[in-house]
>>> print(open('coords-v2.pdb').read())   # PDB, C-alpha atoms
ATOM      1  CA  MET A   1       0.981  16.787   1.588
ATOM      2  CA  SER A   2       0.615  13.253   2.922
ATOM      3  CA  LYS A   3       3.331  10.773   3.812
ATOM      4  CA  ILE A   4       2.806   7.459   2.034
ATOM      5  CA  LEU A   5       4.610   4.153   2.582
ATOM      6  CA  ILE A   6       4.796   1.914  -0.491
ATOM      7  CA  ALA A   7       5.609  -1.782   0.012
ATOM      8  CA  GLU A   8       6.255  -3.410  -3.374
ATOM      9  CA  ASP A   9       8.842  -6.040  -4.303
ATOM     10  CA  ASP A  10       8.868  -5.244  -8.034
ATOM     11  CA  THR A  11      11.360  -2.405  -8.483
ATOM     12  CA  ALA A  12       9.725  -1.056 -11.661
ATOM     13  CA  VAL A  13       6.243  -0.933 -10.087
ATOM     14  CA  ARG A  14       7.624   0.532  -6.856
ATOM     15  CA  GLU A  15       9.386   3.336  -8.760
ATOM     16  CA  PHE A  16       6.363   3.935 -11.044
ATOM     17  CA  VAL A  17       3.986   4.315  -8.086
ATOM     18  CA  SER A  18       6.478   6.355  -6.088
ATOM     19  CA  ARG A  19       7.038   8.834  -8.934
ATOM     20  CA  ALA A  20       3.302   9.173  -9.514
ATOM     21  CA  LEU A  21       2.606   9.972  -5.874
ATOM     22  CA  VAL A  22       5.585  12.325  -5.522
ATOM     23  CA  ASN A  23       4.410  14.182  -8.636
ATOM     24  CA  ALA A  24       0.975  14.430  -7.009
ATOM     25  CA  GLY A  25       2.606  16.249  -4.093
ATOM     26  CA  HIS A  26       3.085  13.483  -1.543
ATOM     27  CA  GLU A  27       6.120  12.455   0.462
ATOM     28  CA  VAL A  28       6.907   8.811  -0.274
ATOM     29  CA  VAL A  29       8.969   6.159   1.494
ATOM     30  CA  THR A  30       9.447   2.811  -0.249
ATOM     31  CA  ALA A  31      10.062  -0.720   1.004
ATOM     32  CA  ALA A  32      10.911  -3.810  -1.038
ATOM     33  CA  ASP A  33       8.906  -6.177   1.165
ATOM     34  CA  GLY A  34       6.663  -6.358   4.201
ATOM     35  CA  LEU A  35       9.504  -6.618   6.710
ATOM     36  CA  GLN A  36      11.113  -3.437   5.388
ATOM     37  CA  ALA A  37       7.698  -1.775   5.556
ATOM     38  CA  LEU A  38       7.343  -2.713   9.231
ATOM     39  CA  GLN A  39      10.777  -1.224   9.936
ATOM     40  CA  ALA A  40       9.749   1.997   8.195
ATOM     41  CA  LEU A  41       6.530   2.135  10.230
ATOM     42  CA  GLU A  42       8.477   1.740  13.454
ATOM     43  CA  ASN A  43      10.702   4.676  12.456
ATOM     44  CA  GLY A  44       8.052   7.201  11.417
ATOM     45  CA  ALA A  45       4.417   8.147  11.039
ATOM     46  CA  PHE A  46       2.538   7.668   7.764
ATOM     47  CA  ASP A  47      -0.840   8.733   6.400
ATOM     48  CA  LEU A  48      -1.277   5.725   4.087
ATOM     49  CA  LEU A  49       0.177   2.266   3.512
ATOM     50  CA  LEU A  50       0.048   1.173  -0.130
ATOM     51  CA  SER A  51       1.145  -2.445  -0.360
ATOM     52  CA  ASP A  52       1.418  -5.186  -2.925
ATOM     53  CA  ILE A  53      -0.136  -8.450  -1.760
ATOM     54  CA  VAL A  54       2.378 -10.938  -3.197
ATOM     55  CA  MET A  55       5.824 -10.200  -1.745
ATOM     56  CA  PRO A  56       8.661 -12.255  -0.258
ATOM     57  CA  GLU A  57       9.400 -12.358   3.472
ATOM     58  CA  LEU A  58       6.055 -10.900   4.602
ATOM     59  CA  ASP A  59       3.180 -10.610   2.125
ATOM     60  CA  GLY A  60       0.683  -7.772   1.973
ATOM     61  CA  ILE A  61      -2.069  -9.710   3.745
ATOM     62  CA  ALA A  62       0.156 -10.519   6.736
ATOM     63  CA  LEU A  63       1.453  -6.942   6.672
ATOM     64  CA  ALA A  64      -2.111  -5.573   6.696
ATOM     65  CA  LEU A  65      -3.003  -7.774   9.674
ATOM     66  CA  MET A  66       0.036  -6.594  11.638
ATOM     67  CA  VAL A  67      -0.447  -2.942  10.715
ATOM     68  CA  SER A  68      -4.133  -2.957  11.624
ATOM     69  CA  LYS A  69      -3.197  -4.306  15.064
ATOM     70  CA  ASP A  70      -0.210  -2.030  15.795
ATOM     71  CA  TRP A  71      -1.271   1.079  13.823
ATOM     72  CA  PRO A  72      -5.087   0.817  13.782
ATOM     73  CA  ASP A  73      -5.609   4.341  12.416
ATOM     74  CA  LEU A  74      -3.345   3.860   9.377
ATOM     75  CA  PRO A  75      -5.422   3.333   6.225
ATOM     76  CA  ILE A  76      -4.294   0.456   4.010
ATOM     77  CA  LEU A  77      -4.641   0.216   0.240
ATOM     78  CA  LEU A  78      -3.572  -3.057  -1.374
ATOM     79  CA  MET A  79      -2.596  -3.757  -4.973
ATOM     80  CA  THR A  80      -2.314  -7.041  -6.840
ATOM     81  CA  GLY A  81      -2.177  -8.558 -10.272
ATOM     82  CA  TYR A  82      -3.661 -11.856  -9.121
ATOM     83  CA  ALA A  83      -7.416 -12.467  -8.973
ATOM     84  CA  ALA A  84      -7.088 -15.118  -6.245
ATOM     85  CA  GLU A  85      -5.101 -12.723  -4.075
ATOM     86  CA  ARG A  86      -7.673 -10.008  -4.655
ATOM     87  CA  GLN A  87     -10.360 -12.348  -3.326
ATOM     88  CA  ARG A  88      -8.185 -13.249  -0.350
ATOM     89  CA  ALA A  89      -7.787  -9.541   0.424
ATOM     90  CA  HIS A  90     -11.520  -8.932   0.292
ATOM     91  CA  ASN A  91     -11.817 -11.186   3.326
ATOM     92  CA  LEU A  92     -10.110  -8.275   5.142
ATOM     93  CA  ASP A  93     -12.700  -5.649   4.235
ATOM     94  CA  ALA A  94     -12.825  -4.367   7.802
ATOM     95  CA  LEU A  95      -9.067  -3.746   7.816
ATOM     96  CA  ILE A  96      -8.287  -2.410   4.354
ATOM     97  CA  HIS A  97      -9.726   0.405   2.314
ATOM     98  CA  ASP A  98      -9.587  -1.172  -1.145
ATOM     99  CA  VAL A  99      -7.655  -3.441  -3.523
ATOM    100  CA  ILE A 100      -6.357  -1.960  -6.767
ATOM    101  CA  SER A 101      -5.833  -4.366  -9.664
ATOM    102  CA  LYS A 102      -2.610  -4.294 -11.671
ATOM    103  CA  PRO A 103      -1.938  -3.066 -14.220
ATOM    104  CA  PHE A 104      -3.129   0.441 -13.365
ATOM    105  CA  THR A 105      -2.383   3.868 -14.756
ATOM    106  CA  LEU A 106      -0.677   6.726 -12.948
ATOM    107  CA  GLN A 107      -4.042   8.462 -12.747
ATOM    108  CA  GLN A 108      -5.784   5.399 -11.284
ATOM    109  CA  ILE A 109      -3.235   4.850  -8.503
ATOM    110  CA  CYS A 110      -3.174   8.553  -7.613
ATOM    111  CA  GLU A 111      -6.987   8.734  -7.537
ATOM    112  CA  ALA A 112      -7.179   5.617  -5.349
ATOM    113  CA  ALA A 113      -4.634   7.038  -2.903
ATOM    114  CA  GLU A 114      -6.374  10.442  -2.826
ATOM    115  CA  LYS A 115      -9.729   8.790  -2.120
ATOM    116  CA  VAL A 116      -8.310   6.873   0.847
ATOM    117  CA  LEU A 117      -6.597   9.985   2.196
ATOM    118  CA  GLU A 118      -9.766  12.076   1.835
ATOM    119  CA  ASP A 119     -11.923   9.403   3.468
ATOM    120  CA  ASN A 120      -9.541   9.289   6.439
ATOM    121  CA  ALA A 121      -8.920  13.021   6.808
TER     122      ALA A 121
END
>>> encode(input="coords-v2.pdb", output="structure tokens")
Amino acid sequence: MSKILIAEDDTAVREFVSRALVNAGHEVVTAADGLQALQALENGAFDLLLSDIVMPELDGIALALMVSKDWPDLPILLMTGYAAERQRAHNLDALIHDVISKPFTLQQICEAAEKVLEDNA
């Protein structure tokens, strides 16, 4: 079982992804924005950060930059519904594992998370 941090400002998406990953056997902690995610990271160890790109307070790109500096071994998987943001994230290829496009299915998000976890095992 892996411990996954989800940073997503949309409550419905956050709960959808959380339920999918819990049902797949993972422990999940959720955050409503990047600042909450940083607080969670300071309070515990995680095996994966799954973050939306567009969020208030601290977006997923800024979060990924901070996490890669302070927690360099933590794999990062980003998700977005915006093509321009997806392109912006691809400029961070060395820091992130992948970018998942919204909308996605339960199976797609679980497979993406499993792939990152396997690649970093």
>>> resolve_selection(input="coords-v2.pdb", expression="the PyMOL selection byres ((chain A and resi 7) around 10)", output="list in words")
Ile4, Leu5, Ile6, Glu8, Asp9, Asp10, Arg14, Val29, Thr30, Ala31, Ala32, Asp33, Gly34, Leu35, Gln36, Ala37, Leu38, Ala40, Leu49, Leu50, Ser51, Asp52, Ile53, Met55, Asp59, Gly60, Leu63, Leu78 and Met79 of chain A
>>> closest_residue(input="coords-v2.pdb", among="A:Thr105, A:Glu27, A:Phe46, A:Val54", to="A:Val67", atoms="all atoms listed in the file")
A:Phe46
>>> atom_distance(input="coords-v2.pdb", atom1="atom CA of A:Glu118", atom2="atom CA of A:Ile61")
23.2 Å
>>> resolve_selection(input="coords-v2.pdb", expression="the PyMOL selection byres ((chain A and resi 99) around 7)", output="PyMOL selection string")
chain A and resi 77-79+86+98+100-101
>>> closest_residue(input="coords-v2.pdb", among="A:Ala113, A:Ile76, A:Leu95, A:Ala64", to="A:Val22", atoms="only C-alpha atoms")
A:Ala113
>>> closest_residue(input="coords-v2.pdb", among="A:Lys3, A:Glu57, A:Lys69, A:Thr80", to="A:Lys102", atoms="all atoms listed in the file")
A:Thr80
>>> closest_residue(input="coords-v2.pdb", among="A:Phe104, A:Glu114, A:Asp119, A:Asn43", to="A:Val13", atoms="all atoms listed in the file")
A:Phe104
>>> atom_distance(input="coords-v2.pdb", atom1="atom CA of A:Gln39", atom2="atom CA of A:Lys115")
25.8 Å
>>> atom_distance(input="coords-v2.pdb", atom1="atom CA of A:Ala12", atom2="atom CA of A:Val28")
15.3 Å
>>> closest_residue(input="coords-v2.pdb", among="A:Ala121, A:Leu65, A:Leu74, A:Ile109", to="A:Ala24", atoms="all atoms listed in the file")
A:Ile109
>>> axis_aligned_box(input="coords-v2.pdb", around="stretch 44-55 of chain A", padding_each_side="6 Å", output="JSON")
{"center_x": 3.4, "center_y": -1.1, "center_z": 4.1, "size_x": 21.3, "size_y": 31.7, "size_z": 26.6}
>>> resolve_selection(input="coords-v2.pdb", expression="the PyMOL selection byres ((chain A and resi 1) around 6)", output="list in words")
Ser2, Gly25 and His26 of chain A
